[in-house]
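Single-structure report; data block below.
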Amino acid sequence: DGGITQSPKYLFRKEGQNVTLSCEQNLNHDAMYWYRQDPGQGLRLIYYSQIVNDFQKGDIAEGYSVSREKKESFPLTVTSAQKNPTAFYLCASSIDLVQGARAFFGQGTRLTVV
Amino acid sequence: AQSVTQLDSHVSVSEGTPVLLRCNYSSSYSPSLFWYVQHPNKGLQLLLKYTSAATLVKGINGFEAEFKKSETSFHLTKPSAHMSDAAEYFCVVSGRMDSSYKLIFGSGTRLLVRP
């Protein structure tokens with residue numbers, strides 16, 4: 001089955017720790033994205049990548065980092081610099097970054113700071 | 001700049017009655033518009049998309065949306081609500097960012113379906 005896999009589904013982090021969220025896709029898509037979702041808000045773009053070894057900051061990149069060493073993988077690290085990391089994180093991919101390209105979403109990772 | 005406004009944060013309907021979820025957009029370009037649905041603690045699923053073809057777009061699960069340029073609207077409708085339609089719905093516009101495009105999400109409308 002083609003799709004996007006995010007892991008883990010639930011993640012708990014102690015304050016001051018870095019954590020990495022995994023996102024893998026087997027759709028052969030060039031573009032990948034990370035979004036953050038908070039209650040009552042739409043999705044906000046953290047980082048996006050148009051192609052392997054290239055990525056760009058989105059609207060709320062502070063406190064986050066990414067890498068794109070393989071086409072299939074786009075992991076997101078939530079660093080200790082992110083002051084309010086508790087949220088639902090969604091990874092997505094699309095064929096490319098042209099207008100009209102639909103995005104396919106993973107099932108999300110819920111991160112909670114304890 | 002592109003933006004999208006969902007006019008209702010919550011909509012409540014009875015099962016079997018029509019659904020209307022409202023969305024207005026702002027775009028400097030001829031936009032691409034989408035509706036996505038999200039069930040609790042799940043990812044988003046595409047319901048339908050508009051990309052300058054027919055102004056009435058039919059999607060999955062009986063949903064449809066009409067693109068009205070004069071009103072800058074892209075409202076989502078369904079003739080008869082089902083209990084399984086209870087979810088959060090996002091209106092999305094494809095907006096220009098540098099040399100490429102990004103998806104700009106509305107704040108969402110939570111649809112409640114009463115038995």
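Note on naming: chains are A, B, ... as they come in the structure tokens, residues start from 1 per chain, ligands start from 1 in the order shown.
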| message | Would you pick out the contacts of B:Cys91 at 7 Å or less, using only C-alpha atoms, so that residues sharing its chain but fewer than 5 positions from it are not included, and give the list as a list in words? | response | Gln6, Cys23, Phe34, Trp35, Tyr36, Phe105 and Gly106 of chain B
| message | What parts of chain B does DSSP call strand (DSSP E or B)? I'd like the answer as a ChimeraX atom specification. | response | /B:3-6,10-14,19-21,23-26,32-38,44-50,56-58,64-68,73-78,87-97,100-105,109-114
| task | May I ask for the distance between atom CA of A:Ser65 and atom CA of A:Ala87, given in Å to one decimal place? | result |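 These two atoms are separated by 16.0 Å.
With only C-alpha atoms as the atoms that count, the residue of B:Val4, B:Val57, B:Ala86, B:Leu21 with the shortest distance to chain A is B:Val4.
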At most 9 Å is the cut-off: for each residue in stretch 1-112 of chain A with any atom that close to an atom of stretch 46-56 of chain B, write down the nearest atom pair and the distance in Å rounded to one decimal, counting only C-alpha atoms, chain first then increasing number, as JSON lines.
```
{"residue": "A:Gln99", "atom": "CA", "partner": "B:Thr51", "partner_atom": "CA", "distance": 8.5}
{"residue": "A:Gly100", "atom": "CA", "partner": "B:Thr51", "partner_atom": "CA", "distance": 6.1}
{"residue": "A:Arg102", "atom": "CA", "partner": "B:Leu46", "partner_atom": "CA", "distance": 7.9}
{"residue": "A:Ala103", "atom": "CA", "partner": "B:Leu46", "partner_atom": "CA", "distance": 8.0}
{"residue": "A:Phe104", "atom": "CA", "partner": "B:Leu46", "partner_atom": "CA", "distance": 7.9}
```
Dump N, CA, C and O atoms for the selected residues as a compact mmCIF listing (two decimals), in the first residue's frame?
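Result saved to part34.txt:
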```txt
# COMPACT_ATOMS: atom_id res chain seq x y z
N GLN A 99 1.08 24.65 -8.07
CA GLN A 99 -0.29 24.96 -7.68
C GLN A 99 -1.21 23.81 -8.08
O GLN A 99 -1.10 23.29 -9.19
N GLY A 100 -2.09 23.45 -7.17
CA GLY A 100 -3.04 22.38 -7.48
C GLY A 100 -2.58 21.01 -7.08
O GLY A 100 -3.37 20.06 -7.14
N ARG A 102 -2.16 18.10 -4.82
CA ARG A 102 -2.79 17.72 -3.56
C ARG A 102 -1.75 17.13 -2.63
O ARG A 102 -0.76 16.54 -3.06
N ALA A 103 -2.00 17.26 -1.35
CA ALA A 103 -1.11 16.71 -0.34
C ALA A 103 -1.73 15.45 0.26
O ALA A 103 -2.94 15.37 0.45
N PHE A 104 -0.87 14.50 0.54
CA PHE A 104 -1.26 13.27 1.24
C PHE A 104 -0.69 13.37 2.65
O PHE A 104 0.47 13.72 2.83
```
| said: Using DSSP assignments from the backbone, pull out every residue in stretch 14-110 of chain B that falls under helix (DSSP H, G or I) and give it to me as a list in words. | reply: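 Here are the helix (DSSP H, G or I) residues of stretch 14-110 of chain B: Ile60, Asn61, Gly62, Met83, Ser84 and Asp85 of chain B.
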With C-alpha atoms retained, could you export that selection as a short mmCIF file (atom, residue, chain, number, x, y, z; two decimals), in the first residue's frame?
```cif
data_model
loop_
_atom_site.label_atom_id
_atom_site.label_comp_id
_atom_site.auth_asym_id
_atom_site.auth_seq_id
_atom_site.Cartn_x
_atom_site.Cartn_y
_atom_site.Cartn_z
CA ILE B 60 -16.14 11.79 -2.04
CA ASN B 61 -18.90 10.71 0.34
CA GLY B 62 -21.54 12.85 -1.39
CA MET B 83 -23.44 10.32 11.54
CA SER B 84 -20.08 9.33 10.04
CA ASP B 85 -19.69 12.87 8.66
#
```
| Interface residues on chain B facing chain A, 12 Å, only C-alpha atoms, written as a ChimeraX atom specification | /B:3-6,8-10,29-53,88-110
Could you save those same residues with C-alpha atoms as a PDB file, in the first residue's frame?
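See out.pdb below for the written result:
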```pdb
ATOM      1  CA  SER B   3      -5.665  33.535   2.819  1.00  0.00           C
ATOM      2  CA  VAL B   4      -8.731  31.513   3.665  1.00  0.00           C
ATOM      3  CA  THR B   5     -11.480  32.158   6.222  1.00  0.00           C
ATOM      4  CA  GLN B   6     -13.857  29.543   7.509  1.00  0.00           C
ATOM      5  CA  ASP B   8     -18.065  28.955  11.389  1.00  0.00           C
ATOM      6  CA  SER B   9     -15.952  27.198  13.995  1.00  0.00           C
ATOM      7  CA  HIS B  10     -18.786  24.748  14.742  1.00  0.00           C
ATOM      8  CA  TYR B  29      -3.908  34.477  -8.559  1.00  0.00           C
ATOM      9  CA  SER B  30      -6.478  32.133  -9.963  1.00  0.00           C
ATOM     10  CA  PRO B  31      -6.534  29.848  -6.947  1.00  0.00           C
ATOM     11  CA  SER B  32      -6.515  26.146  -6.372  1.00  0.00           C
ATOM     12  CA  LEU B  33      -8.874  25.303  -3.521  1.00  0.00           C
ATOM     13  CA  PHE B  34      -9.339  22.157  -1.486  1.00  0.00           C
ATOM     14  CA  TRP B  35     -11.512  20.735   1.236  1.00  0.00           C
ATOM     15  CA  TYR B  36      -9.970  18.226   3.623  1.00  0.00           C
ATOM     16  CA  VAL B  37     -11.642  16.223   6.399  1.00  0.00           C
ATOM     17  CA  GLN B  38     -10.015  15.124   9.639  1.00  0.00           C
ATOM     18  CA  HIS B  39     -11.476  12.564  12.025  1.00  0.00           C
ATOM     19  CA  PRO B  40     -10.271  12.688  15.648  1.00  0.00           C
ATOM     20  CA  ASN B  41      -6.564  11.982  16.077  1.00  0.00           C
ATOM     21  CA  LYS B  42      -6.194  11.140  12.400  1.00  0.00           C
ATOM     22  CA  GLY B  43      -4.495  12.644   9.411  1.00  0.00           C
ATOM     23  CA  LEU B  44      -6.312  14.671   6.779  1.00  0.00           C
ATOM     24  CA  GLN B  45      -8.151  13.168   3.831  1.00  0.00           C
ATOM     25  CA  LEU B  46      -8.882  15.052   0.627  1.00  0.00           C
ATOM     26  CA  LEU B  47     -12.605  15.514  -0.038  1.00  0.00           C
ATOM     27  CA  LEU B  48     -12.361  17.492  -3.257  1.00  0.00           C
ATOM     28  CA  LYS B  49     -10.336  20.106  -5.093  1.00  0.00           C
ATOM     29  CA  TYR B  50     -10.936  22.946  -7.542  1.00  0.00           C
ATOM     30  CA  THR B  51      -8.303  23.838 -10.121  1.00  0.00           C
ATOM     31  CA  SER B  52     -10.056  26.153 -12.629  1.00  0.00           C
ATOM     32  CA  ALA B  53     -12.069  23.511 -14.420  1.00  0.00           C
ATOM     33  CA  GLU B  88     -13.342  18.625  11.379  1.00  0.00           C
ATOM     34  CA  TYR B  89     -13.255  20.150   7.921  1.00  0.00           C
ATOM     35  CA  PHE B  90     -10.543  22.395   6.534  1.00  0.00           C
ATOM     36  CA  CYS B  91     -10.776  24.732   3.584  1.00  0.00           C
ATOM     37  CA  VAL B  92      -7.385  25.183   1.939  1.00  0.00           C
ATOM     38  CA  VAL B  93      -5.993  27.490  -0.732  1.00  0.00           C
ATOM     39  CA  SER B  94      -2.811  26.846  -2.656  1.00  0.00           C
ATOM     40  CA  GLY B  95      -0.786  29.999  -2.203  1.00  0.00           C
ATOM     41  CA  ARG B  96       2.378  31.340  -3.764  1.00  0.00           C
ATOM     42  CA  MET B  97       5.563  31.209  -1.697  1.00  0.00           C
ATOM     43  CA  ASP B  98       8.723  32.335  -3.463  1.00  0.00           C
ATOM     44  CA  SER B  99       8.944  30.237  -6.633  1.00  0.00           C
ATOM     45  CA  SER B 100       6.598  27.520  -5.474  1.00  0.00           C
ATOM     46  CA  TYR B 101       3.270  27.049  -3.759  1.00  0.00           C
ATOM     47  CA  LYS B 102       2.175  26.112  -0.283  1.00  0.00           C
ATOM     48  CA  LEU B 103      -1.118  25.054   1.221  1.00  0.00           C
ATOM     49  CA  ILE B 104      -2.748  27.678   3.438  1.00  0.00           C
ATOM     50  CA  PHE B 105      -5.282  26.221   5.856  1.00  0.00           C
ATOM     51  CA  GLY B 106      -8.384  27.756   7.328  1.00  0.00           C
ATOM     52  CA  SER B 107      -8.929  27.391  11.067  1.00  0.00           C
ATOM     53  CA  GLY B 108     -11.355  24.525  10.586  1.00  0.00           C
ATOM     54  CA  THR B 109     -15.065  23.863  11.109  1.00  0.00           C
ATOM     55  CA  ARG B 110     -16.150  21.118  13.440  1.00  0.00           C
TER      56      ARG B 110
END
```
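The spacing separating atom CA of A:Pro75 from atom CA of B:Ala87 amounts to 27.9 Å.
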| note | One residue among A:Ser73, A:Ser67, A:Tyr47, A:Gln56 is nearest to A:Glu24 when using only C-alpha atoms, and that residue is A:Ser73
| query | Skipping near chain neighbours, those fewer than 3 positions away, what residues fall within 12 Å of B:Ser70 using only C-alpha atoms, listed as a ChimeraX atom specification? | reply | /B:24-26,55,66-67,73-74
Given the selection you just returned, output its residues as a file containing N, CA, C and O atoms, formatted as a PDB file, in the first residue's frame.
```
ATOM      1  N   ASN B  24     -14.460  31.415   2.649  1.00  0.00           N
ATOM      2  CA  ASN B  24     -14.110  32.518   1.758  1.00  0.00           C
ATOM      3  C   ASN B  24     -12.595  32.563   1.607  1.00  0.00           C
ATOM      4  O   ASN B  24     -11.862  32.285   2.549  1.00  0.00           O
ATOM      5  N   TYR B  25     -12.129  32.925   0.451  1.00  0.00           N
ATOM      6  CA  TYR B  25     -10.700  32.945   0.194  1.00  0.00           C
ATOM      7  C   TYR B  25     -10.280  34.301  -0.332  1.00  0.00           C
ATOM      8  O   TYR B  25     -11.099  35.098  -0.812  1.00  0.00           O
ATOM      9  N   SER B  26      -8.996  34.528  -0.248  1.00  0.00           N
ATOM     10  CA  SER B  26      -8.390  35.709  -0.852  1.00  0.00           C
ATOM     11  C   SER B  26      -7.158  35.243  -1.601  1.00  0.00           C
ATOM     12  O   SER B  26      -6.323  34.534  -1.042  1.00  0.00           O
ATOM     13  N   THR B  55     -16.821  24.737 -12.151  1.00  0.00           N
ATOM     14  CA  THR B  55     -16.958  25.482 -10.896  1.00  0.00           C
ATOM     15  C   THR B  55     -17.674  24.667  -9.828  1.00  0.00           C
ATOM     16  O   THR B  55     -17.509  24.937  -8.643  1.00  0.00           O
ATOM     17  N   GLU B  66     -18.921  24.585  -4.571  1.00  0.00           N
ATOM     18  CA  GLU B  66     -19.067  25.447  -5.723  1.00  0.00           C
ATOM     19  C   GLU B  66     -18.127  26.634  -5.600  1.00  0.00           C
ATOM     20  O   GLU B  66     -18.139  27.356  -4.604  1.00  0.00           O
ATOM     21  N   PHE B  67     -17.311  26.827  -6.622  1.00  0.00           N
ATOM     22  CA  PHE B  67     -16.395  27.955  -6.678  1.00  0.00           C
ATOM     23  C   PHE B  67     -17.151  29.152  -7.250  1.00  0.00           C
ATOM     24  O   PHE B  67     -17.667  29.096  -8.367  1.00  0.00           O
ATOM     25  N   SER B  73     -15.906  32.686  -2.758  1.00  0.00           N
ATOM     26  CA  SER B  73     -16.340  31.650  -1.827  1.00  0.00           C
ATOM     27  C   SER B  73     -16.132  30.272  -2.421  1.00  0.00           C
ATOM     28  O   SER B  73     -16.069  30.098  -3.651  1.00  0.00           O
ATOM     29  N   PHE B  74     -16.061  29.301  -1.532  1.00  0.00           N
ATOM     30  CA  PHE B  74     -15.907  27.895  -1.920  1.00  0.00           C
ATOM     31  C   PHE B  74     -16.572  27.062  -0.835  1.00  0.00           C
ATOM     32  O   PHE B  74     -15.938  26.308  -0.117  1.00  0.00           O
TER      33      PHE B  74
END
```
| task | Calculate how many Å separate atom CA of B:Leu76 from atom CA of B:Pro18, rounding to one decimal. | result |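 So the two atoms, atom CA of B:Leu76 and atom CA of B:Pro18, lie 10.7 Å apart.
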